[in-house]
>>> print(open('work.txt').read())   # compact mmCIF, C-alpha atoms
# COMPACT_ATOMS: atom_id res chain seq x y z
CA MET A 21 117.01 119.10 110.86
CA ASN A 22 113.96 116.99 111.67
CA ILE A 23 111.33 117.61 108.97
CA GLY A 24 108.88 114.79 109.52
CA PHE A 25 108.10 111.28 110.66
CA VAL A 26 106.94 107.82 109.58
CA ARG A 27 103.81 106.24 111.10
CA GLN A 28 102.23 102.81 110.89
CA ARG A 29 98.79 103.18 109.28
CA GLU A 30 95.92 100.71 109.06
CA ASN A 31 92.65 100.69 107.16
CA GLU A 32 89.97 98.18 106.31
CA ILE A 33 89.65 97.59 102.58
CA ARG A 34 86.98 95.20 101.29
CA GLY A 35 86.69 93.64 104.75
CA GLU A 36 90.44 93.05 105.12
CA LYS A 37 92.80 95.03 107.40
CA VAL A 38 95.66 96.52 105.41
CA LYS A 39 98.77 98.00 107.09
CA TRP A 40 101.35 100.33 105.56
CA MET A 41 103.94 102.91 106.59
CA GLU A 42 103.27 106.57 105.79
CA LEU A 43 106.04 109.18 105.54
CA SER A 44 104.98 112.79 106.28
CA ILE A 45 107.23 115.83 105.98
CA ARG A 46 106.84 119.58 106.25
CA VAL A 47 109.17 121.79 104.29
CA PRO A 48 109.07 125.56 103.77
CA LEU A 49 106.86 125.22 100.67
CA GLY A 50 104.23 123.00 102.27
CA SER A 51 103.55 119.48 103.47
CA PHE A 52 103.77 116.14 101.72
CA SER A 53 102.81 112.52 102.41
CA ALA A 54 103.99 109.38 100.65
CA THR A 55 103.58 105.65 101.08
CA LEU A 56 106.77 103.80 102.02
CA THR A 57 106.90 100.27 100.55
CA LYS A 58 109.51 97.54 100.43
CA ALA A 59 111.15 97.46 97.00
CA LYS A 60 110.67 94.40 94.84
CA GLU A 61 113.40 91.78 95.11
CA THR A 62 116.19 92.29 92.65
CA GLU A 63 119.65 90.89 92.06
CA ASN A 64 121.07 94.41 91.63
CA GLU A 65 123.01 95.16 94.83
CA ASN A 66 122.60 98.92 94.25
CA ALA A 67 118.80 98.74 94.08
CA PRO A 68 116.92 100.56 96.86
CA ASP A 69 115.44 98.66 99.81
CA TYR A 70 112.34 100.90 99.97
CA VAL A 71 110.44 103.09 97.52
CA LEU A 72 108.36 106.22 98.23
CA TRP A 73 105.07 106.57 96.32
CA TRP A 74 102.93 109.71 96.09
CA SER A 75 99.28 109.68 95.10
CA PRO A 76 98.12 112.97 93.53
CA ASN A 77 94.47 111.95 93.92
CA ARG A 78 91.83 114.09 95.54
CA LYS A 79 88.28 112.99 96.15
CA GLY A 80 86.76 111.65 92.94
CA GLU A 81 90.06 111.47 90.98
CA SER A 82 91.92 108.34 89.94
CA TYR A 83 95.47 109.14 88.84
CA ASP A 84 98.18 106.48 89.08
CA ARG A 85 100.56 106.87 92.01
CA VAL A 86 104.04 108.20 91.23
CA LYS A 87 107.44 107.00 92.48
CA VAL A 88 109.03 110.03 94.17
CA GLY A 89 111.97 108.55 96.06
CA SER A 90 114.14 105.66 97.14
CA LEU A 91 115.69 104.56 100.42
CA TRP A 92 118.57 102.23 101.24
CA MET A 93 119.15 100.48 104.57
CA LYS A 94 122.40 101.53 106.23
CA THR A 95 124.17 100.78 109.51
CA SER A 96 125.89 103.51 111.52
CA GLU A 97 129.34 103.13 113.08
CA LYS A 98 127.59 102.31 116.37
CA GLY A 99 125.59 99.51 114.74
CA ASN A 100 122.24 101.35 114.53
CA GLN A 101 120.18 100.74 111.41
CA TYR A 102 118.67 103.66 109.48
CA MET A 103 117.41 104.45 105.98
CA ASN A 104 119.14 106.91 103.68
CA GLY A 105 117.84 108.22 100.36
CA TYR A 106 116.03 111.02 98.60
CA ILE A 107 112.70 112.54 97.61
CA GLU A 108 112.36 114.01 94.11
CA SER A 109 110.17 117.02 93.41
CA PRO A 110 110.30 120.11 91.20
CA VAL A 111 109.67 122.26 94.29
CA PHE A 112 113.23 121.59 95.52
CA GLN A 113 116.00 123.73 94.05
CA SER A 114 118.12 120.78 92.92
CA GLY A 115 115.09 118.62 92.07
CA LYS A 116 115.51 116.39 95.12
CA ILE A 117 116.27 116.45 98.82
CA HIS A 118 118.36 113.91 100.64
CA ILE A 119 116.86 112.40 103.78
CA SER A 120 117.73 109.95 106.52
CA ILE A 121 115.10 108.06 108.47
CA VAL A 122 116.09 107.12 112.03
CA LYS A 123 114.31 105.31 114.86
CA TYR A 124 111.99 107.62 116.84
CA VAL A 125 113.04 108.18 120.43
CA GLN A 126 110.33 109.18 122.92
CA ILE A 127 111.31 112.35 124.81
CA GLU A 128 110.72 112.06 128.54
CA GLY A 129 107.78 114.16 129.69
CA MET A 130 106.29 114.48 126.20
CA PRO A 131 103.00 112.77 125.22
CA LEU A 132 103.37 109.32 123.66
CA GLN A 133 103.30 109.57 119.85
CA PRO A 134 102.37 106.84 117.34
CA ILE A 135 105.60 107.51 115.43
CA LEU A 136 108.04 104.83 114.26
CA TYR A 137 110.80 107.00 112.76
CA ASN A 138 111.97 110.60 112.40
CA VAL A 139 112.77 111.99 108.96
CA LEU A 140 115.95 114.10 108.92
CA TRP A 141 116.96 116.45 106.14
CA SER A 142 120.48 117.67 105.44
CA PRO A 143 120.56 120.53 102.95
CA GLU A 144 123.07 120.05 100.18
CA LYS A 145 126.15 122.12 100.86
CA LYS A 146 127.98 123.74 97.99
CA ARG A 147 130.85 121.42 97.25
CA GLU A 148 134.24 123.04 96.82
CA SER A 149 135.78 119.86 95.46
CA HIS A 150 134.55 116.49 94.28
CA SER A 151 136.05 114.77 97.34
CA ASP A 152 133.93 116.73 99.87
CA ASN A 153 131.59 114.28 101.62
CA SER A 154 130.31 116.67 104.31
CA THR A 155 126.62 116.04 103.55
CA ASP A 156 127.10 112.26 103.73
CA ASP A 157 129.10 112.66 106.96
CA HIS A 158 126.30 114.75 108.50
CA ARG A 159 123.66 112.11 107.64
CA GLU A 160 125.85 109.40 109.15
CA GLN A 161 126.22 111.45 112.36
CA CYS A 162 122.43 112.03 112.61
CA ALA A 163 121.79 108.30 112.39
CA ARG A 164 124.10 107.41 115.28
>>> encode(input="work.txt", output="structure tokens")
Amino acid sequence: MNIGFVRQRENEIRGEKVKWMELSIRVPLGSFSATLTKAKETENENAPDYVLWWSPNRKGESYDRVKVGSLWMKTSEKGNQYMNGYIESPVFQSGKIHISIVKYVQIEGMPLQPILYNVLWSPEKKRESHSDNSTDDHREQCAR
């Protein structure tokens, strides 16, 4: 299920152009935006490649941003690269949702969109046994 997208954003800060990627999703309980940044270099091979940051600030507030998710680069069986990870939030039943981010494909006849990637969500299925990988299989299929 496609629940959002990632766009390239740009703003001028103190006379310098700054670019970043912004993830936006819409889920039944509302909408959400986060900044997608490359994770700091680490020697841990299990460390995420990207981190999602959420800023709770409204006009006039100055709270620190909060890490709300992680993404890892993956390659599908067909050789296509995609990101796979999660977003944490108390609004989700299990405390997090698992997402895959795949390259945006322009649909013929539709207006051109400034979108880089689609965000796909696969709801967790109740696992009957510990060896059931149906959710992971579904994410892999979406990224192909």
>>> atom_distance(input="work.txt", atom1="CA of Lys79 in chain A", atom2="CA of Lys116 in chain A")
27.5 Å
>>> residues_around(input="work.txt", residues="range 86-92 of chain A", least_positions_apart="2", cutoff="6 Å", atoms="only C-alpha atoms", output="ChimeraX atom specification")
/A:68-74,103-108
>>> atom_distance(input="work.txt", atom1="CA of Val125 in chain A", atom2="CA of Tyr137 in chain A")
8.1 Å
>>> atom_distance(input="work.txt", atom1="CA of Gln113 in chain A", atom2="CA of Val47 in chain A")
12.5 Å
>>> closest_residue(input="work.txt", among="A:Asn100, A:Asn22, A:Thr62, A:Asn31", to="Lys123 in chain A", atoms="all atoms listed in the file")
A:Asn100
>>> residues_near_point(input="work.txt", point="(120.2, 116.7, 104.7)", cutoff="6 Å", atoms="only C-alpha atoms", output="list of chain:residue names")
A:His118, A:Ile119, A:Trp141, A:Ser142, A:Pro143
>>> write_last_selection(input="work.txt", atoms="C-alpha atoms", output="CSV table (one decimal), in the coordinates of the input")
chain,number,residue,atom,x,y,z
A,118,HIS,CA,118.4,113.9,100.6
A,119,ILE,CA,116.9,112.4,103.8
A,141,TRP,CA,117.0,116.4,106.1
A,142,SER,CA,120.5,117.7,105.4
A,143,PRO,CA,120.6,120.5,103.0
>>> axis_aligned_box(input="work.txt", around="range 78-95 of chain A", padding_each_side="3 Å", output="JSON")
{"center_x": 105.5, "center_y": 107.3, "center_z": 99.2, "size_x": 43.4, "size_y": 19.6, "size_z": 26.7}
>>> closest_residue(input="work.txt", among="A:Val38, A:Ala67, A:Ile45, A:Tyr102", to="Phe25 in chain A", atoms="all atoms listed in the file")
A:Ile45
>>> closest_residue(input="work.txt", among="A:Arg85, A:Lys39, A:Lys94, A:Arg27", to="Tyr124 in chain A", atoms="all atoms listed in the file")
A:Arg27
>>> closest_residue(input="work.txt", among="A:Val139, A:Val26, A:Ile121, A:Met93", to="Asn66 in chain A", atoms="only C-alpha atoms")
A:Met93
>>> residues_near_point(input="work.txt", point="(98.2, 105.4, 109.4)", cutoff="12 Å", atoms="only C-alpha atoms", output="list in words")
Phe25, Val26, Arg27, Gln28, Arg29, Glu30, Asn31, Glu32, Lys37, Val38, Lys39, Trp40, Met41, Glu42, Leu43, Ser44, Ser53, Ala54, Thr55, Leu56, Pro134, Ile135 and Leu136 of chain A
